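Trainee: Structure incoming, see below.
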Amino acid sequence: MPESNADRIEHLDYLIEFFFKVSIALMKVQFKSLFKAQMASSLQMMYTKAKSLRTIVEGFRQQYGKSFVYCRADHTVLFTIVRAAYEQLCAFELICIIPDSEEKRLILENAYIAAGEVNRLKLFSEESLERNKEGVDVVQGEIDECRREIHNTRFYKAL
């Protein structure tokens with residue numbers, strides 16, 4: 001466990017370097033599905049989160065004329081970034097690493113996509129959903145396609 005701010009920054013530098021190298025390597029890969037490309041880009045987002053976290057942990061100095069303020073970590077922002085990174089890492093692990101078969105991964109992938117689309121629809125008011133029926137129909141179609149993909153697996157049929 002890091003004991004000082006310098007130790008924390010050093011640990012973050014290791015993470016930043018790792019995610020940067022992974023991001024560079026993944027730029028050369030041609031993905032066969034949009035979802036796999038999105039999962040790869042989630043690793044690039046982890047790089048961005050690690051860099052942001054480092055900036056917050058390190059702090060910065062703002063100067064205007066002869067006056068200056070030294071800003072240290074804002075814990076609410078810090079915890080928000082850590083939580084987002086943890087959720088993203090858990091989703092990646094759950095969908096891409098843990099499943100021991102392609103079919104199980106497909107179920108988790110489609111459940112993840114469908115849940116995200118359902119949550120996206122919840123963000124809009126009834127009024128805005130009414131104004132954008134075409135967009136809602138597209139999202140609902142994606143949710144229905146995910147449901148079909150899940151229902152067509154051996155695992156689901158065996159339930």
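Quick note on naming: the chains in the structure tokens go A, B, ... in the order shown, residues restart at 1 in each chain, and ligands are numbered from 1 in order of appearance.
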Could you pull out all residues of stretch 2-158 of chain A with a DSSP call of strand (DSSP E or B) and give them as a list in words?
Mentor: Phe60, Arg61, Gln62, Gln63, Tyr64, Ser67, Phe68, Val69, Tyr70 and Cys71 of chain A
Trainee: Among stretch 20-136 of chain A, which ones does DSSP assign to helix (DSSP H, G or I) (computed from the backbone)? Answer as a VMD selection string.
Mentor: chain A and resid 20 to 26 34 to 58 75 to 97 102 to 122 126 to 131 133 to 136
Trainee: Counting only C-alpha atoms, what are the residues of stretch 52-81 of chain A within 12 Å of stretch 15-30 of chain A, and for each of them which pair of atoms is the nearest and at what distance in Å, to one decimal? Sort the table by chain and rising number, as a tab-separated table.
Mentor:
residue	atom	partner	partner_atom	distance
A:Ser52	CA	A:Ile16	CA	10.0
A:Leu53	CA	A:Ile16	CA	9.9
A:Arg54	CA	A:Ile16	CA	8.8
A:Thr55	CA	A:Ile16	CA	11.6
Trainee: Quick one: distance from atom CA of A:Val69 to atom CA of A:Ile56 in Å, one decimal?
Mentor: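 Going from atom CA of A:Val69 over to atom CA of A:Ile56 covers 14.5 Å.
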Trainee: Grab the atom CA of A:Asp74 to atom CA of A:Val57 distance for me, in Å with one decimal place.
Mentor: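 So the answer is 8.6 Å.
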Trainee: Do you have the atom CA of A:Ile143-atom CA of A:Phe31 distance handy?
Mentor: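 Going from atom CA of A:Ile143 over to atom CA of A:Phe31, I get 22.2 Å.
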Trainee: Which residues are near stretch 88-96 of chain A? Cut-off 10 Å, only C-alpha atoms, ignore same chain within fewer than 5 positions. Put them as an MDAnalysis selection string.
Mentor: chainID A and resid 36 39:40 42:43 45:46 82:83 102 104:112
Trainee: Could you please take those selected residues and save N, CA and C atoms as a PDB file, in the first residue's frame?
Mentor:
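Output file out-v2.pdb follows:
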ATOM      1  N   LYS A  36     -16.458  -5.793 -29.331  1.00  0.00           N
ATOM      2  CA  LYS A  36     -15.056  -6.044 -28.971  1.00  0.00           C
ATOM      3  C   LYS A  36     -14.214  -4.782 -29.150  1.00  0.00           C
ATOM      4  N   MET A  39     -14.941  -2.688 -26.127  1.00  0.00           N
ATOM      5  CA  MET A  39     -14.248  -3.195 -24.943  1.00  0.00           C
ATOM      6  C   MET A  39     -12.774  -2.798 -24.991  1.00  0.00           C
ATOM      7  N   ALA A  40     -12.186  -2.840 -26.183  1.00  0.00           N
ATOM      8  CA  ALA A  40     -10.792  -2.411 -26.317  1.00  0.00           C
ATOM      9  C   ALA A  40     -10.675  -0.923 -26.013  1.00  0.00           C
ATOM     10  N   SER A  42     -12.460   0.661 -24.014  1.00  0.00           N
ATOM     11  CA  SER A  42     -12.639   0.866 -22.575  1.00  0.00           C
ATOM     12  C   SER A  42     -11.282   0.824 -21.862  1.00  0.00           C
ATOM     13  N   LEU A  43     -10.344   0.071 -22.404  1.00  0.00           N
ATOM     14  CA  LEU A  43      -8.997   0.061 -21.817  1.00  0.00           C
ATOM     15  C   LEU A  43      -8.314   1.409 -22.051  1.00  0.00           C
ATOM     16  N   MET A  45      -9.970   4.170 -22.181  1.00  0.00           N
ATOM     17  CA  MET A  45     -10.628   5.054 -21.209  1.00  0.00           C
ATOM     18  C   MET A  45     -10.025   4.874 -19.821  1.00  0.00           C
ATOM     19  N   MET A  46      -9.563   3.662 -19.513  1.00  0.00           N
ATOM     20  CA  MET A  46      -8.895   3.438 -18.226  1.00  0.00           C
ATOM     21  C   MET A  46      -7.599   4.255 -18.166  1.00  0.00           C
ATOM     22  N   VAL A  82     -12.380   7.041  -9.393  1.00  0.00           N
ATOM     23  CA  VAL A  82     -12.041   5.679  -8.950  1.00  0.00           C
ATOM     24  C   VAL A  82     -13.239   4.749  -9.127  1.00  0.00           C
ATOM     25  N   ARG A  83     -14.416   5.214  -8.766  1.00  0.00           N
ATOM     26  CA  ARG A  83     -15.621   4.391  -8.919  1.00  0.00           C
ATOM     27  C   ARG A  83     -15.878   4.069 -10.388  1.00  0.00           C
ATOM     28  N   GLU A 102     -17.497 -19.095 -25.387  1.00  0.00           N
ATOM     29  CA  GLU A 102     -17.959 -17.974 -26.212  1.00  0.00           C
ATOM     30  C   GLU A 102     -19.446 -17.718 -26.000  1.00  0.00           C
ATOM     31  N   LYS A 104     -21.231 -18.188 -23.217  1.00  0.00           N
ATOM     32  CA  LYS A 104     -21.430 -17.475 -21.949  1.00  0.00           C
ATOM     33  C   LYS A 104     -21.045 -16.003 -22.098  1.00  0.00           C
ATOM     34  N   ARG A 105     -19.952 -15.764 -22.819  1.00  0.00           N
ATOM     35  CA  ARG A 105     -19.530 -14.393 -23.061  1.00  0.00           C
ATOM     36  C   ARG A 105     -20.595 -13.638 -23.862  1.00  0.00           C
ATOM     37  N   LEU A 106     -21.194 -14.306 -24.838  1.00  0.00           N
ATOM     38  CA  LEU A 106     -22.240 -13.702 -25.655  1.00  0.00           C
ATOM     39  C   LEU A 106     -23.454 -13.310 -24.809  1.00  0.00           C
ATOM     40  N   ILE A 107     -23.824 -14.166 -23.876  1.00  0.00           N
ATOM     41  CA  ILE A 107     -24.949 -13.862 -22.978  1.00  0.00           C
ATOM     42  C   ILE A 107     -24.632 -12.622 -22.148  1.00  0.00           C
ATOM     43  N   LEU A 108     -23.452 -12.592 -21.546  1.00  0.00           N
ATOM     44  CA  LEU A 108     -23.065 -11.457 -20.706  1.00  0.00           C
ATOM     45  C   LEU A 108     -22.943 -10.167 -21.523  1.00  0.00           C
ATOM     46  N   GLU A 109     -22.372 -10.287 -22.709  1.00  0.00           N
ATOM     47  CA  GLU A 109     -22.236  -9.121 -23.587  1.00  0.00           C
ATOM     48  C   GLU A 109     -23.607  -8.529 -23.915  1.00  0.00           C
ATOM     49  N   ASN A 110     -24.544  -9.376 -24.309  1.00  0.00           N
ATOM     50  CA  ASN A 110     -25.871  -8.898 -24.681  1.00  0.00           C
ATOM     51  C   ASN A 110     -26.648  -8.380 -23.477  1.00  0.00           C
ATOM     52  N   ALA A 111     -26.483  -9.002 -22.328  1.00  0.00           N
ATOM     53  CA  ALA A 111     -27.138  -8.506 -21.112  1.00  0.00           C
ATOM     54  C   ALA A 111     -26.582  -7.127 -20.747  1.00  0.00           C
ATOM     55  N   TYR A 112     -25.286  -6.949 -20.889  1.00  0.00           N
ATOM     56  CA  TYR A 112     -24.635  -5.673 -20.587  1.00  0.00           C
ATOM     57  C   TYR A 112     -25.127  -4.574 -21.533  1.00  0.00           C
TER      58      TYR A 112
END
Trainee: So, with only C-alpha atoms as the atoms that count, which of A:Glu117, A:Glu142, A:Lys66, A:Gly59 lies closest to A:Ile9?
Mentor: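 Smallest distance to A:Ile9 is found for A:Gly59.
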